[in-house]
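J.: Data file data20.pdb (PDB, C-alpha atoms and all ligand atoms) is appended below.
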ATOM      1  CA  MET A 522     208.528  91.881 119.050
ATOM      2  CA  ASP A 523     210.069  89.050 121.080
ATOM      3  CA  LEU A 524     213.378  90.313 122.449
ATOM      4  CA  GLN A 525     214.571  86.704 122.925
ATOM      5  CA  LEU A 526     215.774  87.314 126.472
ATOM      6  CA  THR A 527     214.266  84.171 127.986
ATOM      7  CA  GLY A 528     216.866  82.366 130.058
ATOM      8  CA  LYS A 529     219.438  85.164 129.917
ATOM      9  CA  GLN A 530     220.975  86.199 133.236
ATOM     10  CA  ALA A 531     221.103  89.963 133.717
ATOM     11  CA  LEU A 532     222.632  92.168 136.391
ATOM     12  CA  VAL A 533     221.532  95.767 136.829
ATOM     13  CA  SER A 534     223.614  97.768 139.319
ATOM     14  CA  GLY A 535     221.663 100.263 141.447
ATOM     15  CA  SER A 536     218.286  98.827 140.530
ATOM     16  CA  THR A 537     216.066  99.171 143.576
ATOM     17  CA  ALA A 538     214.687 102.454 142.241
ATOM     18  CA  GLY A 539     214.791 104.899 139.354
ATOM     19  CA  ILE A 540     216.048 104.024 135.887
ATOM     20  CA  GLY A 541     217.748 100.870 137.190
ATOM     21  CA  TYR A 542     214.502  99.462 138.569
ATOM     22  CA  SER A 543     212.683 100.103 135.302
ATOM     23  CA  ILE A 544     215.493  98.388 133.380
ATOM     24  CA  ALA A 545     215.262  95.376 135.707
ATOM     25  CA  GLU A 546     211.481  95.367 135.238
ATOM     26  CA  ALA A 547     211.717  95.515 131.426
ATOM     27  CA  LEU A 548     214.316  92.727 131.261
ATOM     28  CA  ALA A 549     212.308  90.521 133.636
ATOM     29  CA  ARG A 550     209.138  91.120 131.652
ATOM     30  CA  GLU A 551     210.994  89.944 128.536
ATOM     31  CA  GLY A 552     211.988  86.700 130.260
ATOM     32  CA  ALA A 553     215.470  87.436 131.627
ATOM     33  CA  ARG A 554     216.437  86.440 135.163
ATOM     34  CA  VAL A 555     217.531  89.657 136.829
ATOM     35  CA  ILE A 556     219.899  90.266 139.712
ATOM     36  CA  VAL A 557     218.696  93.381 141.499
ATOM     37  CA  ASN A 558     221.192  95.494 143.418
ATOM     38  CA  GLY A 559     220.946  98.247 145.994
ATOM     39  CA  ARG A 560     222.765  99.062 149.172
ATOM     40  CA  THR A 561     220.256  97.809 151.745
ATOM     41  CA  GLU A 562     218.668  94.373 152.175
ATOM     42  CA  VAL A 563     215.275  95.966 152.744
ATOM     43  CA  ALA A 564     215.269  97.869 149.452
ATOM     44  CA  VAL A 565     216.623  94.882 147.513
ATOM     45  CA  GLU A 566     214.055  92.479 148.993
ATOM     46  CA  ARG A 567     211.229  94.880 148.198
ATOM     47  CA  ALA A 568     212.328  95.264 144.573
ATOM     48  CA  VAL A 569     212.820  91.496 144.129
ATOM     49  CA  ALA A 570     209.350  90.812 145.541
ATOM     50  CA  GLN A 571     207.764  93.368 143.186
ATOM     51  CA  LEU A 572     209.525  91.950 140.135
ATOM     52  CA  CYS A 573     208.663  88.341 141.019
ATOM     53  CA  ALA A 574     205.028  89.289 141.615
ATOM     54  CA  ALA A 575     204.869  90.832 138.137
ATOM     55  CA  SER A 576     207.012  88.431 136.086
ATOM     56  CA  GLY A 577     207.081  85.115 137.956
ATOM     57  CA  PRO A 578     208.863  83.554 140.949
ATOM     58  CA  ASN A 579     212.215  83.113 139.162
ATOM     59  CA  ALA A 580     212.289  86.557 137.575
ATOM     60  CA  ALA A 581     214.615  88.191 140.099
ATOM     61  CA  GLU A 582     217.203  87.582 142.799
ATOM     62  CA  GLY A 583     218.905  90.174 144.931
ATOM     63  CA  PHE A 584     222.356  91.323 145.936
ATOM     64  CA  ALA A 585     222.652  93.978 148.641
ATOM     65  CA  GLY A 586     225.967  95.805 148.561
ATOM     66  CA  ASP A 587     227.727  98.999 147.590
ATOM     67  CA  LEU A 588     229.013  98.165 144.115
ATOM     68  CA  SER A 589     231.282 101.182 144.115
ATOM     69  CA  THR A 590     233.592  99.050 146.287
ATOM     70  CA  ALA A 591     235.855  96.222 145.111
ATOM     71  CA  VAL A 592     234.873  94.062 148.094
ATOM     72  CA  ALA A 593     231.175  94.106 147.159
ATOM     73  CA  ALA A 594     231.876  93.562 143.452
ATOM     74  CA  GLU A 595     234.020  90.505 144.194
ATOM     75  CA  ALA A 596     231.400  89.091 146.584
ATOM     76  CA  LEU A 597     228.759  89.593 143.881
ATOM     77  CA  VAL A 598     230.789  87.725 141.261
ATOM     78  CA  ARG A 599     231.460  84.845 143.683
ATOM     79  CA  ARG A 600     227.730  84.493 144.250
ATOM     80  CA  PHE A 601     226.678  85.061 140.627
ATOM     81  CA  PRO A 602     229.619  84.062 138.393
ATOM     82  CA  ASP A 603     227.692  83.956 135.119
ATOM     83  CA  VAL A 604     226.066  87.096 133.864
ATOM     84  CA  ASP A 605     225.084  87.436 130.215
ATOM     85  CA  ILE A 606     223.866  91.029 130.406
ATOM     86  CA  LEU A 607     225.665  93.582 132.555
ATOM     87  CA  VAL A 608     223.945  96.944 132.933
ATOM     88  CA  ASN A 609     226.174  99.472 134.708
ATOM     89  CA  ASN A 610     223.442 101.803 135.878
ATOM     90  CA  LEU A 611     224.683 102.817 139.311
ATOM     91  CA  GLY A 612     225.366 106.526 139.445
ATOM     92  CA  ILE A 613     225.229 109.628 141.620
ATOM     93  CA  PHE A 614     224.880 113.335 140.828
ATOM     94  CA  GLU A 615     225.092 116.513 142.880
ATOM     95  CA  PRO A 616     225.097 120.089 141.634
ATOM     96  CA  LYS A 617     228.056 121.998 143.126
ATOM     97  CA  PRO A 618     229.993 125.075 141.930
ATOM     98  CA  PHE A 619     233.361 124.071 140.442
ATOM     99  CA  GLU A 620     235.349 126.024 143.044
ATOM    100  CA  GLU A 621     233.632 124.069 145.828
ATOM    101  CA  ILE A 622     234.236 120.551 144.533
ATOM    102  CA  PRO A 623     237.054 119.095 146.652
ATOM    103  CA  ASP A 624     239.449 116.324 145.536
ATOM    104  CA  ALA A 625     237.453 113.829 147.606
ATOM    105  CA  ASP A 626     234.301 114.496 145.550
ATOM    106  CA  TRP A 627     236.147 114.108 142.241
ATOM    107  CA  GLN A 628     237.499 110.794 143.515
ATOM    108  CA  ARG A 629     234.116 109.617 144.841
ATOM    109  CA  PHE A 630     232.323 110.455 141.593
ATOM    110  CA  PHE A 631     234.969 108.566 139.622
ATOM    111  CA  ASP A 632     234.765 105.546 141.951
ATOM    112  CA  VAL A 633     230.961 105.333 141.965
ATOM    113  CA  ASN A 634     230.120 106.348 138.394
ATOM    114  CA  VAL A 635     233.079 104.991 136.423
ATOM    115  CA  LEU A 636     235.220 102.499 138.310
ATOM    116  CA  SER A 637     232.217 100.478 139.551
ATOM    117  CA  GLY A 638     231.256  99.671 135.949
ATOM    118  CA  VAL A 639     234.837  99.170 134.784
ATOM    119  CA  ARG A 640     235.420  96.677 137.591
ATOM    120  CA  LEU A 641     232.231  94.706 136.934
ATOM    121  CA  ALA A 642     232.989  94.555 133.216
ATOM    122  CA  ARG A 643     236.507  93.286 133.958
ATOM    123  CA  LEU A 644     235.167  90.638 136.341
ATOM    124  CA  TYR A 645     232.399  89.383 134.023
ATOM    125  CA  LEU A 646     234.164  89.618 130.674
ATOM    126  CA  PRO A 647     236.173  86.343 130.856
ATOM    127  CA  ALA A 648     232.985  84.234 131.199
ATOM    128  CA  MET A 649     231.294  86.223 128.419
ATOM    129  CA  ARG A 650     234.288  85.521 126.197
ATOM    130  CA  GLN A 651     234.046  81.812 127.015
ATOM    131  CA  ARG A 652     230.384  81.752 126.013
ATOM    132  CA  ASN A 653     231.154  84.077 123.103
ATOM    133  CA  TRP A 654     228.073  86.076 124.006
ATOM    134  CA  GLY A 655     227.475  89.057 126.230
ATOM    135  CA  ARG A 656     226.029  92.509 126.578
ATOM    136  CA  VAL A 657     227.731  95.312 128.505
ATOM    137  CA  ILE A 658     225.711  98.507 128.739
ATOM    138  CA  PHE A 659     226.861 101.673 130.471
ATOM    139  CA  ILE A 660     224.132 104.091 131.514
ATOM    140  CA  SER A 661     225.830 107.373 130.730
ATOM    141  CA  SER A 662     223.961 110.662 130.148
ATOM    142  CA  GLU A 663     223.437 113.568 127.786
ATOM    143  CA  SER A 664     225.766 115.228 130.312
ATOM    144  CA  ALA A 665     228.585 113.176 128.752
ATOM    145  CA  LEU A 666     228.453 115.457 125.719
ATOM    146  CA  GLN A 667     226.836 118.596 127.129
ATOM    147  CA  ILE A 668     228.847 119.020 130.323
ATOM    148  CA  PRO A 669     226.635 120.694 132.953
ATOM    149  CA  SER A 670     228.507 123.692 134.352
ATOM    150  CA  GLU A 671     226.666 123.136 137.648
ATOM    151  CA  MET A 672     228.233 119.661 138.092
ATOM    152  CA  ILE A 673     231.373 119.323 135.991
ATOM    153  CA  HIS A 674     232.583 116.350 138.040
ATOM    154  CA  TYR A 675     229.415 114.439 137.100
ATOM    155  CA  GLY A 676     229.891 115.344 133.419
ATOM    156  CA  MET A 677     233.470 114.098 133.601
ATOM    157  CA  THR A 678     232.318 110.662 134.789
ATOM    158  CA  LYS A 679     229.650 110.382 132.095
ATOM    159  CA  THR A 680     232.168 111.248 129.340
ATOM    160  CA  ALA A 681     234.599 108.721 130.814
ATOM    161  CA  GLN A 682     231.933 106.020 130.487
ATOM    162  CA  LEU A 683     231.740 106.703 126.733
ATOM    163  CA  ALA A 684     235.511 106.273 126.429
ATOM    164  CA  VAL A 685     235.485 103.016 128.376
ATOM    165  CA  SER A 686     232.484 101.693 126.474
ATOM    166  CA  ARG A 687     233.918 102.437 123.021
ATOM    167  CA  GLY A 688     237.364 101.116 123.974
ATOM    168  CA  LEU A 689     235.920  97.910 125.389
ATOM    169  CA  ALA A 690     233.763  97.374 122.298
ATOM    170  CA  GLU A 691     236.946  97.548 120.221
ATOM    171  CA  ALA A 692     238.747  95.160 122.581
ATOM    172  CA  VAL A 693     236.053  92.494 122.042
ATOM    173  CA  ALA A 694     235.705  93.071 118.288
ATOM    174  CA  GLY A 695     234.794  89.950 116.339
ATOM    175  CA  THR A 696     233.148  88.208 119.303
ATOM    176  CA  GLY A 697     229.465  87.833 120.175
ATOM    177  CA  ILE A 698     229.857  90.449 122.894
ATOM    178  CA  THR A 699     228.566  93.973 122.329
ATOM    179  CA  VAL A 700     229.380  97.021 124.432
ATOM    180  CA  ASN A 701     227.335 100.207 124.234
ATOM    181  CA  SER A 702     226.431 103.232 126.256
ATOM    182  CA  VAL A 703     222.939 104.647 126.600
ATOM    183  CA  LEU A 704     222.519 108.399 127.124
ATOM    184  CA  PRO A 705     219.326 109.340 128.926
ATOM    185  CA  GLY A 706     218.327 112.994 129.109
ATOM    186  CA  PRO A 707     216.485 114.463 132.097
ATOM    187  CA  THR A 708     214.467 111.539 133.437
ATOM    188  CA  ARG A 709     211.890 111.377 136.223
ATOM    189  CA  SER A 710     213.788 108.983 138.497
ATOM    190  CA  ARG A 711     213.582 108.939 142.263
ATOM    191  CA  GLY A 712     216.758 111.019 142.504
ATOM    192  CA  VAL A 713     215.353 113.655 140.142
ATOM    193  CA  VAL A 714     211.961 113.778 141.895
ATOM    194  CA  ASP A 715     213.786 114.384 145.214
ATOM    195  CA  PHE A 716     215.892 117.101 143.550
ATOM    196  CA  VAL A 717     212.844 118.875 142.043
ATOM    197  CA  ASP A 718     210.877 118.626 145.303
ATOM    198  CA  ALA A 719     213.777 120.106 147.298
ATOM    199  CA  LEU A 720     214.124 122.970 144.803
ATOM    200  CA  ALA A 721     210.358 123.584 144.861
ATOM    201  CA  GLN A 722     210.362 123.776 148.651
ATOM    202  CA  ALA A 723     213.420 126.053 148.748
ATOM    203  CA  GLU A 724     211.898 128.450 146.194
ATOM    204  CA  GLY A 725     208.288 128.246 147.450
ATOM    205  CA  LYS A 726     206.994 126.981 144.094
ATOM    206  CA  SER A 727     205.105 123.898 142.964
ATOM    207  CA  ALA A 728     207.033 120.959 141.493
ATOM    208  CA  GLU A 729     205.221 121.551 138.158
ATOM    209  CA  VAL A 730     206.459 125.148 137.945
ATOM    210  CA  VAL A 731     209.995 124.072 138.844
ATOM    211  CA  GLU A 732     209.854 121.455 136.055
ATOM    212  CA  GLN A 733     208.627 124.022 133.504
ATOM    213  CA  GLU A 734     211.347 126.479 134.548
ATOM    214  CA  PHE A 735     213.974 123.726 134.401
ATOM    215  CA  PHE A 736     213.183 123.052 130.742
ATOM    216  CA  LEU A 737     212.933 126.765 129.876
ATOM    217  CA  LYS A 738     216.181 127.818 131.537
ATOM    218  CA  MET A 739     218.390 124.726 132.014
ATOM    219  CA  ARG A 740     217.427 122.403 129.122
ATOM    220  CA  PRO A 741     215.848 124.696 126.493
ATOM    221  CA  THR A 742     216.862 122.331 123.663
ATOM    222  CA  SER A 743     214.653 119.507 124.945
ATOM    223  CA  LEU A 744     212.264 118.547 122.166
ATOM    224  CA  ILE A 745     209.856 116.674 124.425
ATOM    225  CA  ARG A 746     209.929 119.524 127.012
ATOM    226  CA  ARG A 747     209.314 117.184 129.919
ATOM    227  CA  PHE A 748     211.196 114.619 131.910
ATOM    228  CA  ALA A 749     211.358 111.235 130.207
ATOM    229  CA  THR A 750     209.901 108.377 132.192
ATOM    230  CA  THR A 751     212.233 105.699 133.503
ATOM    231  CA  GLU A 752     210.275 103.186 131.391
ATOM    232  CA  GLU A 753     211.117 105.110 128.211
ATOM    233  CA  VAL A 754     214.823 104.749 129.020
ATOM    234  CA  ALA A 755     214.397 101.074 129.945
ATOM    235  CA  SER A 756     212.813 100.229 126.572
ATOM    236  CA  LEU A 757     215.979 101.222 124.724
ATOM    237  CA  VAL A 758     218.185  99.351 127.187
ATOM    238  CA  ALA A 759     216.080  96.177 126.837
ATOM    239  CA  TYR A 760     216.489  96.319 123.062
ATOM    240  CA  VAL A 761     220.272  96.840 123.280
ATOM    241  CA  ALA A 762     220.445  93.865 125.684
ATOM    242  CA  SER A 763     218.627  91.645 123.215
ATOM    243  CA  PRO A 764     220.239  89.177 120.794
ATOM    244  CA  LEU A 765     218.347  91.157 118.136
ATOM    245  CA  ALA A 766     220.734  94.101 118.707
ATOM    246  CA  SER A 767     223.817  92.114 117.648
ATOM    247  CA  ALA A 768     224.977  94.687 115.074
ATOM    248  CA  THR A 769     224.785  97.572 117.528
ATOM    249  CA  THR A 770     228.120  97.901 119.315
ATOM    250  CA  GLY A 771     230.573 100.630 120.209
ATOM    251  CA  ALA A 772     227.675 103.075 120.074
ATOM    252  CA  ALA A 773     226.481 105.930 122.248
ATOM    253  CA  LEU A 774     222.694 105.670 121.993
ATOM    254  CA  ARG A 775     220.463 108.535 123.010
ATOM    255  CA  VAL A 776     217.146 108.499 124.789
ATOM    256  CA  ASP A 777     217.472 112.163 125.691
ATOM    257  CA  GLY A 778     214.240 113.745 124.470
ATOM    258  CA  GLY A 779     216.262 115.502 121.786
ATOM    259  CA  VAL A 780     218.247 117.638 124.238
ATOM    260  CA  LEU A 781     221.490 117.115 122.333
ATOM    261  CA  ARG A 782     221.295 119.326 119.254
ATOM    262  CA  SER A 783     223.443 117.451 116.763
ATOM    263  CA  ALA A 784     221.670 114.879 114.595
ATOM    264  CA  VAL A 785     224.270 112.161 115.222
TER
HETATM  265  P1  LIG A 801     218.358 107.120 141.379
HETATM  266  O1  LIG A 801     219.109 107.894 142.401
HETATM  267  O2  LIG A 801     216.920 107.437 141.160
HETATM  268  O3  LIG A 801     218.514 105.558 141.643
HETATM  269  C1  LIG A 801     219.803 105.020 141.768
HETATM  270  C2  LIG A 801     219.742 103.625 142.354
HETATM  271  O4  LIG A 801     221.096 103.279 142.670
HETATM  272  C3  LIG A 801     218.969 103.481 143.636
HETATM  273  O5  LIG A 801     218.395 102.188 143.645
HETATM  274  C4  LIG A 801     220.060 103.597 144.711
HETATM  275  O6  LIG A 801     219.717 102.949 145.916
HETATM  276  C5  LIG A 801     221.179 102.871 144.026
HETATM  277  N1  LIG A 801     222.528 103.205 144.468
HETATM  278  C6  LIG A 801     223.077 104.441 144.607
HETATM  279  N2  LIG A 801     224.377 104.327 144.993
HETATM  280  C7  LIG A 801     224.632 102.986 145.078
HETATM  281  C8  LIG A 801     225.762 102.199 145.396
HETATM  282  N3  LIG A 801     226.935 102.795 145.721
HETATM  283  N4  LIG A 801     225.673 100.829 145.356
HETATM  284  C9  LIG A 801     224.505 100.225 144.987
HETATM  285  N5  LIG A 801     223.384 100.919 144.684
HETATM  286  C10 LIG A 801     223.442 102.269 144.739
HETATM  287  O7  LIG A 801     219.206 107.313 140.017
HETATM  288  P2  LIG A 801     218.721 107.526 138.505
HETATM  289  O8  LIG A 801     218.393 108.960 138.298
HETATM  290  O9  LIG A 801     217.739 106.480 138.149
HETATM  291  O10 LIG A 801     220.104 107.289 137.736
HETATM  292  C11 LIG A 801     220.508 106.022 137.244
HETATM  293  C12 LIG A 801     221.603 106.248 136.208
HETATM  294  O11 LIG A 801     221.082 107.032 135.141
HETATM  295  C13 LIG A 801     222.812 107.001 136.746
HETATM  296  O12 LIG A 801     223.993 106.449 136.214
HETATM  297  C14 LIG A 801     222.612 108.418 136.208
HETATM  298  O13 LIG A 801     223.826 109.110 136.047
HETATM  299  C15 LIG A 801     221.937 108.130 134.887
HETATM  300  N6  LIG A 801     221.158 109.260 134.374
HETATM  301  C16 LIG A 801     220.086 109.741 135.044
HETATM  302  C17 LIG A 801     219.386 110.811 134.514
HETATM  303  C18 LIG A 801     218.175 111.386 135.200
HETATM  304  O14 LIG A 801     217.732 112.475 134.791
HETATM  305  N7  LIG A 801     217.610 110.720 136.176
HETATM  306  C19 LIG A 801     219.782 111.397 133.305
HETATM  307  C20 LIG A 801     220.884 110.876 132.646
HETATM  308  C21 LIG A 801     221.563 109.807 133.188
END
Kindly present the structure from the file in structure tokens form.

T.:
Amino acid sequence: MDLQLTGKQALVSGSTAGIGYSIAEALAREGARVIVNGRTEVAVERAVAQLCAASGPNAAEGFAGDLSTAVAAEALVRRFPDVDILVNNLGIFEPKPFEEIPDADWQRFFDVNVLSGVRLARLYLPAMRQRNWGRVIFISSESALQIPSEMIHYGMTKTAQLAVSRGLAEAVAGTGITVNSVLPGPTRSRGVVDFVDALAQAEGKSAEVVEQEFFLKMRPTSLIRRFATTEEVASLVAYVASPLASATTGAALRVDGGVLRSAV
């Protein structure tokens, strides 16, 4: 299937590694020009070089900056004013008992996981409206619907993304712009590999055993009983970004390995 992305300009926030990198890779492979983002020049340059080596010299450009800040977001839009496909992927997680989550953490999680995407959507929407075409995709999580008791502040941000995404889809009703959220389940990203390795070391177990125990105890409803790959998540995002997905909007789309138990 040709996803008809040739010539489209895409931006993927937080895309030097993990799910974001795989999304950038999938979009570039389908012909989009991708702006890669991470916080350091070194990481951004490395990702851009990898993508260009795989998909051609014009496949990717980079923007180094912390997109949880307004200053970086505004600098990004000055440099790249026209983005057809905005993927708000940037996100952080950290297990912490509820009683130990201070105000500052609640604020930081909101700023990084929610406000970063809200701000970018607000900045890029006027040009999308002018072209009467655009794709805004929020990378949320199964945790939006199944709030993890070990990181309620993270769950809060992922639910908030669903609210913003649905509301924005309604605000652009009748245009060629679609707005959706994608809900990955447990996915083997860099952040998750680091998390599993740290747990394995702390408990004196292998990473494989920790993974098995994670699915037995923490995510027993997973139907695939393994971490998804970042490429599996990226495939769904690439489709939603495509002109072919023009009737899919206002939706919360799962690529969660069946962790969420309801059928819809
Ligand atoms: P990751 O930690 O593996 O990678 C995140 C990327 O974002 C990295 O390139 C990192 O450098 C970059 N980054 C982090 N903070 C940044 C900032 N302030 N500015 C710019 N770049 C920044 O993350 P991941 O696991 O791939 O997660 C990506 C998204 O997917 C997140 O929104 C996360 O909530 C969501 N998600 C992940 C999982 C999972 O199991 N991995 C499950 C559901 C949802």

J.: On this file, the PyMOL selection byres (((chain A and resi 751-764) around 6) and not hetatm) gives some set of residues; write that set as number ranges by chain.

T.: A: 524, 540, 543-544, 548, 656, 750, 765-767

J.: I need every residue sitting at most 12 Å from the point (231.7, 110.4, 143.3) (coordinates as in the file, all atoms listed in the file considered), written as number ranges by chain.

T.: A: 589-590, 611-616, 622-637, 672-679

J.: Point out the residue among A:Ala593, A:Ala728, A:Val657, A:Ala585 with the least atom-to-atom distance to Asp715 (chain A), counting all atoms listed in the file.

T.: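 For Asp715 (chain A), the nearest of the candidates is A:Ala728.
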
J.: Go through A:Pro578, A:Gly771, A:Gly586, A:Gly655 one by one, measure the shortest atom-to-atom distance of each to ligand LIG 801 (chain A) using all atoms listed in the file, and give the residue with the smallest value.

T.: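 Looking at the shortest contact to ligand LIG 801 (chain A), the residue is A:Gly586.
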
J.: Evaluate the PyMOL selection byres (((not hetatm)) within 7 of (chain A and resi 801)) and record the selected residues as a PDB file with C-alpha atoms, keeping the file's coordinate frame, following the chain and residue labels used in the document.

T.:
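So the final result, stored in out-v8.pdb, reads:
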ATOM      1  CA  SER A 534     223.614  97.768 139.319  1.00  0.00           C
ATOM      2  CA  GLY A 535     221.663 100.263 141.447  1.00  0.00           C
ATOM      3  CA  SER A 536     218.286  98.827 140.530  1.00  0.00           C
ATOM      4  CA  THR A 537     216.066  99.171 143.576  1.00  0.00           C
ATOM      5  CA  ALA A 538     214.687 102.454 142.241  1.00  0.00           C
ATOM      6  CA  GLY A 539     214.791 104.899 139.354  1.00  0.00           C
ATOM      7  CA  ILE A 540     216.048 104.024 135.887  1.00  0.00           C
ATOM      8  CA  GLY A 541     217.748 100.870 137.190  1.00  0.00           C
ATOM      9  CA  TYR A 542     214.502  99.462 138.569  1.00  0.00           C
ATOM     10  CA  ASN A 558     221.192  95.494 143.418  1.00  0.00           C
ATOM     11  CA  GLY A 559     220.946  98.247 145.994  1.00  0.00           C
ATOM     12  CA  ARG A 560     222.765  99.062 149.172  1.00  0.00           C
ATOM     13  CA  GLY A 586     225.967  95.805 148.561  1.00  0.00           C
ATOM     14  CA  ASP A 587     227.727  98.999 147.590  1.00  0.00           C
ATOM     15  CA  LEU A 588     229.013  98.165 144.115  1.00  0.00           C
ATOM     16  CA  SER A 589     231.282 101.182 144.115  1.00  0.00           C
ATOM     17  CA  ASN A 610     223.442 101.803 135.878  1.00  0.00           C
ATOM     18  CA  LEU A 611     224.683 102.817 139.311  1.00  0.00           C
ATOM     19  CA  GLY A 612     225.366 106.526 139.445  1.00  0.00           C
ATOM     20  CA  ILE A 613     225.229 109.628 141.620  1.00  0.00           C
ATOM     21  CA  PHE A 614     224.880 113.335 140.828  1.00  0.00           C
ATOM     22  CA  VAL A 633     230.961 105.333 141.965  1.00  0.00           C
ATOM     23  CA  ASN A 634     230.120 106.348 138.394  1.00  0.00           C
ATOM     24  CA  ILE A 660     224.132 104.091 131.514  1.00  0.00           C
ATOM     25  CA  SER A 661     225.830 107.373 130.730  1.00  0.00           C
ATOM     26  CA  SER A 662     223.961 110.662 130.148  1.00  0.00           C
ATOM     27  CA  GLU A 663     223.437 113.568 127.786  1.00  0.00           C
ATOM     28  CA  SER A 664     225.766 115.228 130.312  1.00  0.00           C
ATOM     29  CA  LEU A 704     222.519 108.399 127.124  1.00  0.00           C
ATOM     30  CA  PRO A 705     219.326 109.340 128.926  1.00  0.00           C
ATOM     31  CA  GLY A 706     218.327 112.994 129.109  1.00  0.00           C
ATOM     32  CA  PRO A 707     216.485 114.463 132.097  1.00  0.00           C
ATOM     33  CA  THR A 708     214.467 111.539 133.437  1.00  0.00           C
ATOM     34  CA  ARG A 709     211.890 111.377 136.223  1.00  0.00           C
ATOM     35  CA  SER A 710     213.788 108.983 138.497  1.00  0.00           C
ATOM     36  CA  ARG A 711     213.582 108.939 142.263  1.00  0.00           C
ATOM     37  CA  GLY A 712     216.758 111.019 142.504  1.00  0.00           C
ATOM     38  CA  VAL A 713     215.353 113.655 140.142  1.00  0.00           C
TER      39      VAL A 713
END

J.: Identify, on the basis of all atoms listed in the file, every residue whose closest approach to Gly778 (chain A) does not exceed 7 Å; exclude the query and any residue fewer than 6 positions from it along the same chain; express the result as a ChimeraX atom specification.

T.: /A:706,743-745,749
